Amino acid sequence: MAKKDEKINDKKEAKEPEVKKSFFKDERVKLIFGVFLLLFSLYLFITLLSFIFTWQQDQSFEWQNVFSSSGIRVSNWGGKLGAFFADLFMSSWFGLPALAIPFIPTLWGLRLLHYRPVPFWKTIFKVIIGIVLFSIVLAFLFGTANGFVGSGPGGAHGHFIALWLSALLGKLGTAFLLLLALVAYGIYINENTLFWIQSFIAWNARSFKNLTEKNPNSVEDAAFDDEESEVTPQTEKIQEPPKSKTAEVETVYIPQAALVNEEPLANKEEPQQEFETINTLNNIPFDNDFEVTATKEEEEAILESSSVTRIAPESENDIELTIESKQEEEATQKELADLDLFDPTLELSSYQRPPLELLEDYKNQQVPVSNEELVSNKNKIVETLANYKIQIDKIKATIGPTVTLYEIVPAPGVRISKIKNLEDDIALSLAALGIRIIAPIPGKGTIGIEVPNQKPEVVSMYSILKSAKFQDAKNDLAIALGKTISNETYVLDLAKLPHLLVAGATGQGKSVGLNAIITSLVYKKHPSELKFVMIDPKKVELTLYSKLERHFLAKLPNSDEAIITDTQKVIYTLNSLCIEMDSRYDLLKAAHVRNLKEYNEKFTSRKLNPNKGHRFLPYIVVVIDEFADLIMTAGREVETPLARLAQLARAIGIHLIIATQRPTTNIITGVIKANFPARIAFRVSSMIDSRTILDSPGANQLIGRGDMLVSSGSDLVRVQCAFVDTPEIERITDYIGNQRGYSTAFMLPEFTPEGGNDEALDVDLRKRDDLFEEAARLVVMNQQGSTSLIQRKFSIGYNRAGRIIDQLEAAGIVGPFEGSKARQVLITDELSLEHIFNNISTQS
């Protein structure tokens, strides 16, 4: 019995701290205490403000007697308790700066209510330092001020510290120390303070220089040079030979902090610290073991702070930005060297890339993820794992445009497979679609749980193309797809992929993804550097780009439309591209180079003779929508040249982008998958389809509407595709189409199909098959010209039936070969057929 009692007591003692811990974590307790702190801070501010007007009446009281005696009345608006706090904070401690003390419980109350307008601990630290510093400064400047608010504007604390510093350093030393402290505090709370100080010093130096130039007799030149070097170390003076009296040119250094709101410079390095800065932000009131990264607004603020502009001078003579003579010589030499280079863009030198203003910015429609949603999802994940006795040490949230990634660190001894198996249970507890568990996250040592946001954001193409990552991209064929979970712009180089397979179910964003790829290429490249071959069996998706025919499109000779919609023309075009590929390889062989980039560099350097067939070679991007329809209608006739292009065309700048809504094994064959290492998977209906596209599951757990998985190597990256609408594409194509273009589209080599009309004309109708007339009557009667029909009806072999079909084509009874389709029957009645028979008999 004694042992049982001891166990019961141990359990009670173990439960006591758990009960206390759960009590303080109760949302109701936090709500009540948070409201109390907000009301208390308001009450405290009123009492402190009242003390400025009533301190003389309330100074004569002894506070020990005030609380015990009911007959004593105070003038403070907050009563006896308010008068006590006001006397303590303002008279005994900090003086007027104590008015900022209520800001501390205000922030604490807002934190408990899950609202944090500013970082909590960092702001409190700034407020406390400011109160103490300004208390000392006011006491040093004004002393006791005849007993204002009891002990002066700086309070008793500030007065004591000011007297101590004055005795230690003297009045002058204390003034310098406090001035230094104020400057340091200003720099600490606002990073622009340093720039303001530098601008003030530079402005004073320039004013002094202008004054001395107007009055040259007032200050000697040598003294001015010495003084200038001491006052403004950022400026340099360049003395040229004495050709004129005003031979001085000033080069002014402009600090990086002053540079905002301009297009990113081409030579500026990519901001590597961008998202590391975001990840350190603690704006969500979670427990100490739960961190949240910033949202899209913080990212844009960082991008804006890293952009560059120049400050306009106050007058023309204030600041003159020039280049030193040595730099001018180098620039001149570079220009002379550039004159020897061939520029392919000169033929369309007036071409202007479309401006970003043609695209829509959906910033006003963005709905940030609420703190309540993050807290709720976090608690449900922890609770679900706890139900299965899985403990975690830490949880962190990364907010993305569509999904939020919760990274958890399991306790030691927990198996990863155990968490992976709870995928359906977590989805049930969160009541969300598309829960995806990454166990573990490569390179991080954590387990990721991707949870869709209740209100996903729209990632605009405007924000993607405006980003510094895309603007500064040095890739040969940069394509911007969208944003990752960490709100980072996702950019790939199509030239290195080198081909791209896009697959997904109907209505999940494939066409929008193709539009985003085409738009990013059009914004990045000149028409002389890039050509598109667009194949659209649906006839409605890519026809918007027909206005770009004289700028960016390529087609077959004598073809009416640049957007290819006919299956037979698709076969001819792919075979024509194979001829172009072989021709380019011959040029590379003659130039002794290995790829298109080296060849074009050699050609622009005028090391290749155009008279020997050499020419500037643009990139060719083949875009095929609804690849499944082509396979069904043309089969191997499409797959064979396509596989050849995928295997060999990388080095000569021909790249393929294939989209399909049927990601089955008979469409995406082994030959296609082997030559398309880069793949994009939108949402699919089954895990089998996901494995067909990506060789791994995951695409069946996406939430649709542009949510996709990108595989460009061994890792999968979840990206929210950039949205570009039809009106935006129309504005872009109209803008480009209205500019002066080439006389025609880029012409591909002419392709003559084997077994076509030329071969049919070689058939000798004098040596007709015995079944020729019967087969002709059969074809006309059934209006179907196929070899298999003749085989079945006459029980003959394929070779004999094929010869009969060739004879019927030579006689003009059936049309030419059309792939897997039956040949067109040109004769509709037997009377016309008998007339053809009579003509053939007469000729023979």
# chains A, B, ... in the order shown; residues from 1 in each chain; ligands from 1
call {"tool": "select_by_dssp", "arguments": {"residues": "segment 79-213 of chain A", "states": "alpha helix (DSSP H)", "output": "PyMOL selection string"}}
result
chain A and resi 79-86+103-112+120-142+155-189+192-213
call {"tool": "residues_around", "arguments": {"residues": "segment 372-387 of chain A", "least_positions_apart": "2", "cutoff": "8 Å", "atoms": "only C-alpha atoms", "output": "PyMOL selection string"}}
result
chain A and resi 114+286+369-370+389-392+395+397+406+419+425-426+429-430
call {"tool": "write_last_selection", "arguments": {"atoms": "all heavy atoms", "output": "short mmCIF file (atom, residue, chain, number, x, y, z; two decimals), in the first residue's frame"}}
result
data_model
loop_
_atom_site.label_atom_id
_atom_site.label_comp_id
_atom_site.auth_asym_id
_atom_site.auth_seq_id
_atom_site.Cartn_x
_atom_site.Cartn_y
_atom_site.Cartn_z
N HIS A 114 -2.24 37.48 -30.56
CA HIS A 114 -1.76 36.97 -31.84
C HIS A 114 -1.69 38.07 -32.90
O HIS A 114 -2.02 37.85 -34.07
CB HIS A 114 -2.63 35.82 -32.34
CG HIS A 114 -2.72 34.69 -31.38
ND1 HIS A 114 -1.62 34.12 -30.78
CD2 HIS A 114 -3.80 34.01 -30.90
CE1 HIS A 114 -2.00 33.15 -29.97
NE2 HIS A 114 -3.32 33.07 -30.01
N PHE A 286 4.10 32.79 -31.87
CA PHE A 286 4.11 31.40 -31.52
C PHE A 286 5.03 31.18 -30.32
O PHE A 286 5.68 32.08 -29.83
CB PHE A 286 4.60 30.54 -32.70
CG PHE A 286 3.67 30.55 -33.87
CD1 PHE A 286 4.14 30.47 -35.15
CD2 PHE A 286 2.30 30.67 -33.67
CE1 PHE A 286 3.28 30.50 -36.22
CE2 PHE A 286 1.42 30.69 -34.73
CZ PHE A 286 1.92 30.61 -36.00
N VAL A 369 -1.62 35.04 -45.24
CA VAL A 369 -2.03 33.97 -44.33
C VAL A 369 -2.17 34.54 -42.93
O VAL A 369 -1.27 35.20 -42.41
CB VAL A 369 -0.99 32.82 -44.36
CG1 VAL A 369 -1.40 31.72 -43.39
CG2 VAL A 369 -0.86 32.28 -45.77
N SER A 370 -3.31 34.28 -42.29
CA SER A 370 -3.57 34.84 -40.97
C SER A 370 -2.79 34.10 -39.90
O SER A 370 -2.44 32.92 -40.06
CB SER A 370 -5.06 34.78 -40.65
OG SER A 370 -5.49 33.43 -40.61
N LYS A 389 1.85 9.13 -30.22
CA LYS A 389 3.03 9.09 -29.36
C LYS A 389 4.31 9.44 -30.10
O LYS A 389 5.37 8.83 -29.91
CB LYS A 389 3.16 7.72 -28.70
CG LYS A 389 1.98 7.36 -27.81
CD LYS A 389 2.16 5.99 -27.18
CE LYS A 389 0.95 5.64 -26.30
NZ LYS A 389 1.09 4.32 -25.68
N ILE A 390 4.20 10.46 -30.96
CA ILE A 390 5.37 10.97 -31.68
C ILE A 390 5.64 12.37 -31.15
O ILE A 390 4.82 13.28 -31.31
CB ILE A 390 5.11 11.00 -33.20
CG1 ILE A 390 4.88 9.59 -33.72
CG2 ILE A 390 6.29 11.66 -33.92
CD1 ILE A 390 4.53 9.55 -35.19
N GLN A 391 6.78 12.53 -30.50
CA GLN A 391 7.17 13.83 -29.94
C GLN A 391 8.09 14.57 -30.91
O GLN A 391 8.91 13.95 -31.59
CB GLN A 391 7.86 13.64 -28.58
CG GLN A 391 7.01 12.92 -27.55
CD GLN A 391 5.75 13.70 -27.19
OE1 GLN A 391 5.77 14.93 -27.17
NE2 GLN A 391 4.67 12.99 -26.92
N ILE A 392 7.94 15.90 -30.96
CA ILE A 392 8.79 16.71 -31.81
C ILE A 392 9.50 17.75 -30.95
O ILE A 392 8.97 18.21 -29.93
CB ILE A 392 7.99 17.40 -32.94
CG1 ILE A 392 6.92 18.32 -32.35
CG2 ILE A 392 7.37 16.37 -33.87
CD1 ILE A 392 6.17 19.09 -33.41
N ILE A 395 9.25 23.08 -34.42
CA ILE A 395 8.43 23.20 -35.62
C ILE A 395 8.58 24.61 -36.16
O ILE A 395 8.61 25.58 -35.41
CB ILE A 395 6.95 22.86 -35.33
CG1 ILE A 395 6.14 22.93 -36.63
CG2 ILE A 395 6.37 23.77 -34.27
CD1 ILE A 395 4.75 22.34 -36.49
N ALA A 397 7.50 27.26 -39.63
CA ALA A 397 6.61 27.46 -40.77
C ALA A 397 7.25 28.39 -41.78
O ALA A 397 7.80 29.42 -41.43
CB ALA A 397 5.28 28.02 -40.31
N TYR A 406 5.56 23.32 -43.11
CA TYR A 406 5.85 23.17 -41.68
C TYR A 406 7.00 22.16 -41.56
O TYR A 406 6.83 20.98 -41.87
CB TYR A 406 4.63 22.67 -40.93
CG TYR A 406 3.49 23.66 -40.90
CD1 TYR A 406 2.56 23.71 -41.93
CD2 TYR A 406 3.34 24.56 -39.85
CE1 TYR A 406 1.52 24.62 -41.92
CE2 TYR A 406 2.29 25.47 -39.83
CZ TYR A 406 1.40 25.50 -40.86
OH TYR A 406 0.36 26.41 -40.85
N ILE A 419 6.16 8.81 -39.25
CA ILE A 419 5.51 10.08 -39.58
C ILE A 419 4.98 10.06 -41.01
O ILE A 419 3.88 10.55 -41.28
CB ILE A 419 6.50 11.25 -39.39
CG1 ILE A 419 6.97 11.31 -37.93
CG2 ILE A 419 5.87 12.57 -39.79
CD1 ILE A 419 8.00 12.38 -37.66
N ASP A 425 -3.85 10.81 -41.88
CA ASP A 425 -4.38 11.26 -40.59
C ASP A 425 -4.18 12.76 -40.40
O ASP A 425 -5.07 13.45 -39.87
CB ASP A 425 -3.70 10.49 -39.46
CG ASP A 425 -3.93 8.98 -39.56
OD1 ASP A 425 -4.99 8.53 -39.13
OD2 ASP A 425 -3.05 8.30 -40.09
N ILE A 426 -3.03 13.27 -40.82
CA ILE A 426 -2.80 14.71 -40.72
C ILE A 426 -3.73 15.48 -41.65
O ILE A 426 -4.28 16.52 -41.29
CB ILE A 426 -1.33 15.03 -41.04
CG1 ILE A 426 -0.41 14.39 -40.00
CG2 ILE A 426 -1.08 16.52 -41.11
CD1 ILE A 426 1.06 14.53 -40.30
N SER A 429 -7.12 15.64 -39.95
CA SER A 429 -7.20 16.58 -38.83
C SER A 429 -7.21 18.03 -39.32
O SER A 429 -7.86 18.89 -38.74
CB SER A 429 -6.03 16.37 -37.87
OG SER A 429 -4.80 16.66 -38.51
N LEU A 430 -6.48 18.30 -40.41
CA LEU A 430 -6.44 19.67 -40.93
C LEU A 430 -7.59 19.97 -41.88
O LEU A 430 -7.81 21.13 -42.23
CB LEU A 430 -5.12 19.91 -41.66
CG LEU A 430 -3.84 19.88 -40.81
CD1 LEU A 430 -2.62 20.01 -41.70
CD2 LEU A 430 -3.85 20.98 -39.78
#
call {"tool": "residues_around", "arguments": {"residues": "Ser50 of chain A", "least_positions_apart": "3", "cutoff": "10 Å", "atoms": "only C-alpha atoms", "output": "JSON, numbers by chain"}}
result
{"A": [44, 45, 46, 47, 53, 54, 55, 75, 76, 77, 78, 82, 83, 86]}
call {"tool": "write_last_selection", "arguments": {"atoms": "all heavy atoms", "output": "compact mmCIF listing (two decimals), in the first residue's frame"}}
result
# COMPACT_ATOMS: atom_id res chain seq x y z
N LEU A 44 -2.34 53.58 -17.79
CA LEU A 44 -1.04 54.09 -17.38
C LEU A 44 -0.66 55.33 -18.17
O LEU A 44 -0.12 56.29 -17.62
CB LEU A 44 0.01 52.99 -17.56
CG LEU A 44 1.43 53.31 -17.08
CD1 LEU A 44 1.43 53.62 -15.59
CD2 LEU A 44 2.37 52.15 -17.38
N PHE A 45 -0.95 55.35 -19.46
CA PHE A 45 -0.63 56.52 -20.28
C PHE A 45 -1.44 57.75 -19.83
O PHE A 45 -0.92 58.86 -19.76
CB PHE A 45 -0.92 56.21 -21.75
CG PHE A 45 -0.65 57.37 -22.66
CD1 PHE A 45 0.65 57.72 -23.01
CD2 PHE A 45 -1.69 58.13 -23.18
CE1 PHE A 45 0.91 58.80 -23.85
CE2 PHE A 45 -1.45 59.21 -24.01
CZ PHE A 45 -0.14 59.53 -24.35
N ILE A 46 -2.72 57.52 -19.49
CA ILE A 46 -3.55 58.63 -19.02
C ILE A 46 -3.01 59.20 -17.72
O ILE A 46 -2.94 60.42 -17.51
CB ILE A 46 -5.01 58.18 -18.88
CG1 ILE A 46 -5.60 57.85 -20.27
CG2 ILE A 46 -5.87 59.25 -18.20
CD1 ILE A 46 -6.97 57.24 -20.22
N THR A 47 -2.58 58.33 -16.80
CA THR A 47 -2.05 58.80 -15.52
C THR A 47 -0.75 59.57 -15.70
O THR A 47 -0.52 60.59 -15.04
CB THR A 47 -1.83 57.62 -14.58
OG1 THR A 47 -0.91 56.70 -15.19
CG2 THR A 47 -3.14 56.89 -14.29
N PHE A 53 0.20 67.88 -15.57
CA PHE A 53 -0.64 69.01 -15.17
C PHE A 53 -0.95 69.03 -13.67
O PHE A 53 -1.30 70.07 -13.13
CB PHE A 53 -1.96 68.99 -15.97
CG PHE A 53 -1.76 68.90 -17.45
CD1 PHE A 53 -1.90 67.69 -18.13
CD2 PHE A 53 -1.41 70.03 -18.19
CE1 PHE A 53 -1.72 67.61 -19.49
CE2 PHE A 53 -1.24 69.96 -19.56
CZ PHE A 53 -1.38 68.75 -20.22
N THR A 54 -0.84 67.88 -13.00
CA THR A 54 -1.27 67.80 -11.59
C THR A 54 -0.14 67.47 -10.64
O THR A 54 -0.40 67.18 -9.47
CB THR A 54 -2.38 66.73 -11.46
OG1 THR A 54 -1.85 65.45 -11.82
CG2 THR A 54 -3.56 67.04 -12.36
N TRP A 55 1.11 67.50 -11.11
CA TRP A 55 2.20 67.04 -10.25
C TRP A 55 2.38 67.95 -9.03
O TRP A 55 2.78 67.49 -7.95
CB TRP A 55 3.51 66.97 -11.04
CG TRP A 55 4.01 68.30 -11.54
CD1 TRP A 55 3.67 68.92 -12.69
CD2 TRP A 55 4.94 69.17 -10.88
NE1 TRP A 55 4.31 70.11 -12.83
CE2 TRP A 55 5.12 70.30 -11.71
CE3 TRP A 55 5.63 69.10 -9.66
CZ2 TRP A 55 5.96 71.35 -11.37
CZ3 TRP A 55 6.48 70.14 -9.34
CH2 TRP A 55 6.63 71.26 -10.17
N SER A 75 -5.28 64.72 -7.32
CA SER A 75 -5.75 65.40 -8.53
C SER A 75 -5.51 64.59 -9.80
O SER A 75 -6.02 64.94 -10.87
CB SER A 75 -5.06 66.77 -8.67
OG SER A 75 -5.32 67.58 -7.54
N ASN A 76 -4.73 63.56 -9.72
CA ASN A 76 -4.42 62.77 -10.91
C ASN A 76 -5.67 62.10 -11.46
O ASN A 76 -6.53 61.63 -10.71
CB ASN A 76 -3.35 61.71 -10.58
CG ASN A 76 -2.77 61.09 -11.84
OD1 ASN A 76 -3.39 60.26 -12.48
ND2 ASN A 76 -1.56 61.52 -12.17
N TRP A 77 -5.76 62.02 -12.81
CA TRP A 77 -6.94 61.44 -13.43
C TRP A 77 -7.06 59.94 -13.19
O TRP A 77 -8.12 59.36 -13.38
CB TRP A 77 -6.89 61.70 -14.95
CG TRP A 77 -6.82 63.15 -15.30
CD1 TRP A 77 -7.20 64.19 -14.52
CD2 TRP A 77 -6.33 63.70 -16.52
NE1 TRP A 77 -6.99 65.39 -15.16
CE2 TRP A 77 -6.45 65.12 -16.41
CE3 TRP A 77 -5.81 63.19 -17.70
CZ2 TRP A 77 -6.06 65.98 -17.42
CZ3 TRP A 77 -5.42 64.05 -18.71
CH2 TRP A 77 -5.54 65.43 -18.58
N GLY A 78 -5.97 59.34 -12.78
CA GLY A 78 -6.00 57.90 -12.53
C GLY A 78 -6.18 57.55 -11.07
O GLY A 78 -5.98 56.38 -10.71
N GLY A 82 -2.97 55.64 -9.85
CA GLY A 82 -2.39 56.31 -11.00
C GLY A 82 -1.40 57.37 -10.59
O GLY A 82 -0.34 57.53 -11.22
N ALA A 83 -1.72 58.14 -9.52
CA ALA A 83 -0.78 59.14 -9.05
C ALA A 83 0.51 58.52 -8.55
O ALA A 83 1.61 59.06 -8.73
CB ALA A 83 -1.44 59.97 -7.95
N ALA A 86 2.54 57.41 -11.63
CA ALA A 86 3.06 58.58 -12.33
C ALA A 86 4.22 59.20 -11.57
O ALA A 86 5.24 59.59 -12.16
CB ALA A 86 1.94 59.59 -12.53
call {"tool": "atom_distance", "arguments": {"atom1": "atom CA of Ala145 of chain A", "atom2": "atom CA of Trp93 of chain A"}}
result
15.6 Å
call {"tool": "residues_around", "arguments": {"residues": "Leu178 of chain A", "least_positions_apart": "5", "cutoff": "9 Å", "atoms": "only C-alpha atoms", "output": "ChimeraX atom specification"}}
result
/A:133,136-137,173,183
call {"tool": "select_by_dssp", "arguments": {"residues": "segment 483-552 of chain A", "states": "strand (DSSP E)", "output": "MDAnalysis selection string"}}
result
chainID A and resid 483:484 489:493 500:503 530:535
call {"tool": "write_last_selection", "arguments": {"atoms": "all heavy atoms", "output": "short mmCIF file (atom, residue, chain, number, x, y, z; two decimals), in the first residue's frame"}}
result
data_model
loop_
_atom_site.label_atom_id
_atom_site.label_comp_id
_atom_site.auth_asym_id
_atom_site.auth_seq_id
_atom_site.Cartn_x
_atom_site.Cartn_y
_atom_site.Cartn_z
N LYS A 483 6.94 31.03 -58.30
CA LYS A 483 7.57 31.22 -57.00
C LYS A 483 7.51 29.92 -56.20
O LYS A 483 6.53 29.19 -56.23
CB LYS A 483 6.90 32.34 -56.21
CG LYS A 483 7.19 33.73 -56.77
CD LYS A 483 6.79 34.83 -55.83
CE LYS A 483 7.22 36.19 -56.35
NZ LYS A 483 6.88 37.28 -55.42
N THR A 484 8.59 29.69 -55.45
CA THR A 484 8.67 28.51 -54.61
C THR A 484 7.96 28.76 -53.29
O THR A 484 7.36 29.82 -53.06
CB THR A 484 10.15 28.15 -54.35
OG1 THR A 484 10.77 29.24 -53.65
CG2 THR A 484 10.89 27.92 -55.65
N THR A 489 11.73 33.62 -56.54
CA THR A 489 11.46 33.48 -57.97
C THR A 489 12.24 32.29 -58.53
O THR A 489 13.44 32.17 -58.31
CB THR A 489 11.85 34.76 -58.72
OG1 THR A 489 11.11 35.87 -58.17
CG2 THR A 489 11.53 34.64 -60.20
N TYR A 490 11.53 31.42 -59.25
CA TYR A 490 12.14 30.19 -59.76
C TYR A 490 12.45 30.37 -61.24
O TYR A 490 11.54 30.54 -62.06
CB TYR A 490 11.21 29.00 -59.54
CG TYR A 490 11.86 27.66 -59.76
CD1 TYR A 490 12.75 27.13 -58.83
CD2 TYR A 490 11.60 26.92 -60.90
CE1 TYR A 490 13.36 25.91 -59.03
CE2 TYR A 490 12.19 25.69 -61.11
CZ TYR A 490 13.07 25.19 -60.18
OH TYR A 490 13.68 23.98 -60.38
N VAL A 491 13.73 30.36 -61.58
CA VAL A 491 14.19 30.59 -62.96
C VAL A 491 15.04 29.41 -63.39
O VAL A 491 15.90 28.95 -62.63
CB VAL A 491 15.00 31.90 -63.06
CG1 VAL A 491 15.49 32.11 -64.49
CG2 VAL A 491 14.16 33.09 -62.62
N LEU A 492 14.79 28.91 -64.60
CA LEU A 492 15.57 27.82 -65.18
C LEU A 492 16.18 28.28 -66.50
O LEU A 492 15.70 29.24 -67.11
CB LEU A 492 14.69 26.59 -65.42
CG LEU A 492 14.18 25.83 -64.18
CD1 LEU A 492 13.24 24.72 -64.62
CD2 LEU A 492 15.33 25.26 -63.38
N ASP A 493 17.21 27.56 -66.92
CA ASP A 493 17.85 27.82 -68.21
C ASP A 493 17.47 26.69 -69.15
O ASP A 493 17.93 25.55 -68.98
CB ASP A 493 19.36 27.92 -68.05
CG ASP A 493 20.04 28.35 -69.35
OD1 ASP A 493 19.31 28.64 -70.32
OD2 ASP A 493 21.28 28.38 -69.38
N LEU A 500 11.98 19.99 -72.22
CA LEU A 500 11.06 20.09 -71.09
C LEU A 500 9.77 19.35 -71.42
O LEU A 500 9.17 19.55 -72.49
CB LEU A 500 10.76 21.57 -70.81
CG LEU A 500 9.92 21.90 -69.56
CD1 LEU A 500 10.61 21.39 -68.31
CD2 LEU A 500 9.71 23.40 -69.47
N LEU A 501 9.34 18.51 -70.49
CA LEU A 501 8.09 17.77 -70.61
C LEU A 501 7.10 18.32 -69.59
O LEU A 501 7.40 18.36 -68.39
CB LEU A 501 8.33 16.27 -70.37
CG LEU A 501 7.09 15.37 -70.35
CD1 LEU A 501 6.39 15.38 -71.70
CD2 LEU A 501 7.47 13.95 -69.95
N VAL A 502 5.94 18.75 -70.05
CA VAL A 502 4.90 19.32 -69.18
C VAL A 502 3.68 18.42 -69.26
O VAL A 502 3.18 18.16 -70.36
CB VAL A 502 4.54 20.76 -69.61
CG1 VAL A 502 3.52 21.36 -68.66
CG2 VAL A 502 5.79 21.63 -69.67
N ALA A 503 3.21 17.96 -68.11
CA ALA A 503 2.06 17.05 -68.10
C ALA A 503 1.17 17.37 -66.90
O ALA A 503 1.62 17.92 -65.89
CB ALA A 503 2.53 15.60 -68.05
N LEU A 530 16.10 34.32 -81.25
CA LEU A 530 15.19 33.25 -80.84
C LEU A 530 14.06 33.10 -81.85
O LEU A 530 13.50 34.11 -82.31
CB LEU A 530 14.61 33.57 -79.45
CG LEU A 530 13.53 32.63 -78.91
CD1 LEU A 530 14.11 31.25 -78.65
CD2 LEU A 530 12.91 33.20 -77.65
N LYS A 531 13.73 31.85 -82.16
CA LYS A 531 12.59 31.54 -83.02
C LYS A 531 11.77 30.41 -82.39
O LYS A 531 12.33 29.52 -81.75
CB LYS A 531 13.05 31.11 -84.43
CG LYS A 531 13.88 32.16 -85.16
CD LYS A 531 13.10 33.43 -85.43
CE LYS A 531 13.96 34.48 -86.10
NZ LYS A 531 13.24 35.75 -86.31
N PHE A 532 10.47 30.51 -82.59
CA PHE A 532 9.55 29.50 -82.07
C PHE A 532 8.95 28.70 -83.22
O PHE A 532 8.60 29.26 -84.27
CB PHE A 532 8.40 30.14 -81.29
CG PHE A 532 8.79 30.73 -79.96
CD1 PHE A 532 9.00 32.09 -79.83
CD2 PHE A 532 8.96 29.93 -78.85
CE1 PHE A 532 9.35 32.64 -78.62
CE2 PHE A 532 9.32 30.46 -77.63
CZ PHE A 532 9.51 31.83 -77.51
N VAL A 533 8.82 27.40 -83.01
CA VAL A 533 8.00 26.54 -83.86
C VAL A 533 6.84 26.07 -82.98
O VAL A 533 7.05 25.30 -82.04
CB VAL A 533 8.80 25.35 -84.41
CG1 VAL A 533 7.87 24.41 -85.17
CG2 VAL A 533 9.92 25.83 -85.31
N MET A 534 5.64 26.54 -83.27
CA MET A 534 4.49 26.27 -82.41
C MET A 534 3.55 25.29 -83.09
O MET A 534 3.10 25.54 -84.22
CB MET A 534 3.76 27.57 -82.08
CG MET A 534 4.59 28.53 -81.24
SD MET A 534 3.65 29.93 -80.66
CE MET A 534 4.91 30.80 -79.69
N ILE A 535 3.26 24.21 -82.38
CA ILE A 535 2.38 23.14 -82.88
C ILE A 535 1.20 23.03 -81.93
O ILE A 535 1.38 22.76 -80.73
CB ILE A 535 3.15 21.81 -82.97
CG1 ILE A 535 4.33 21.96 -83.95
CG2 ILE A 535 2.23 20.68 -83.39
CD1 ILE A 535 5.25 20.75 -83.99
#
call {"tool": "residues_around", "arguments": {"residues": "Tyr742 of chain A", "least_positions_apart": "6", "cutoff": "8 Å", "atoms": "only C-alpha atoms", "output": "short mmCIF file (atom, residue, chain, number, x, y, z; two decimals) with N, CA and C atoms, in the first residue's frame"}}
result
data_model
loop_
_atom_site.label_atom_id
_atom_site.label_comp_id
_atom_site.auth_asym_id
_atom_site.auth_seq_id
_atom_site.Cartn_x
_atom_site.Cartn_y
_atom_site.Cartn_z
N LEU A 348 16.98 44.57 -87.05
CA LEU A 348 15.79 45.12 -86.37
C LEU A 348 16.27 45.98 -85.20
N ARG A 550 6.29 37.60 -88.03
CA ARG A 550 7.44 38.27 -88.67
C ARG A 550 8.54 38.63 -87.68
N HIS A 551 8.37 38.19 -86.44
CA HIS A 551 9.39 38.50 -85.43
C HIS A 551 10.01 37.23 -84.83
#
call {"tool": "atom_distance", "arguments": {"atom1": "atom CA of Pro442 of chain A", "atom2": "atom CA of Ser686 of chain A"}}
result
24.8 Å
call {"tool": "residues_around", "arguments": {"residues": "Ala480 of chain A", "least_positions_apart": "4", "cutoff": "12 Å", "atoms": "only C-alpha atoms", "output": "PyMOL selection string"}}
result
chain A and resi 459-471+473+475+484+488-494+513-524+719-724
call {"tool": "atom_distance", "arguments": {"atom1": "atom CA of Phe342 of chain A", "atom2": "atom CA of Tyr735 of chain A"}}
result
27.2 Å
call {"tool": "residues_around", "arguments": {"residues": "Ile668 of chain A", "least_positions_apart": "2", "cutoff": "12 Å", "atoms": "only C-alpha atoms", "output": "number ranges by chain"}}
result
A: 501-503, 626-628, 630-631, 639, 643, 658-666, 670-676, 679, 689-695
call {"tool": "closest_residue", "arguments": {"among": "A:Arg636, A:Asn146, A:Ile437, A:Leu428", "to": "Pro697 of chain A", "atoms": "only C-alpha atoms"}}
result
A:Ile437
call {"tool": "closest_residue", "arguments": {"among": "A:Val684, A:Leu831, A:Ala505, A:Met747", "to": "Ser576 of chain A", "atoms": "only C-alpha atoms"}}
result
A:Met747
call {"tool": "closest_residue", "arguments": {"among": "A:Arg718, A:Arg594, A:His655, A:Arg353", "to": "Gly706 of chain A", "atoms": "only C-alpha atoms"}}
result
A:Arg718
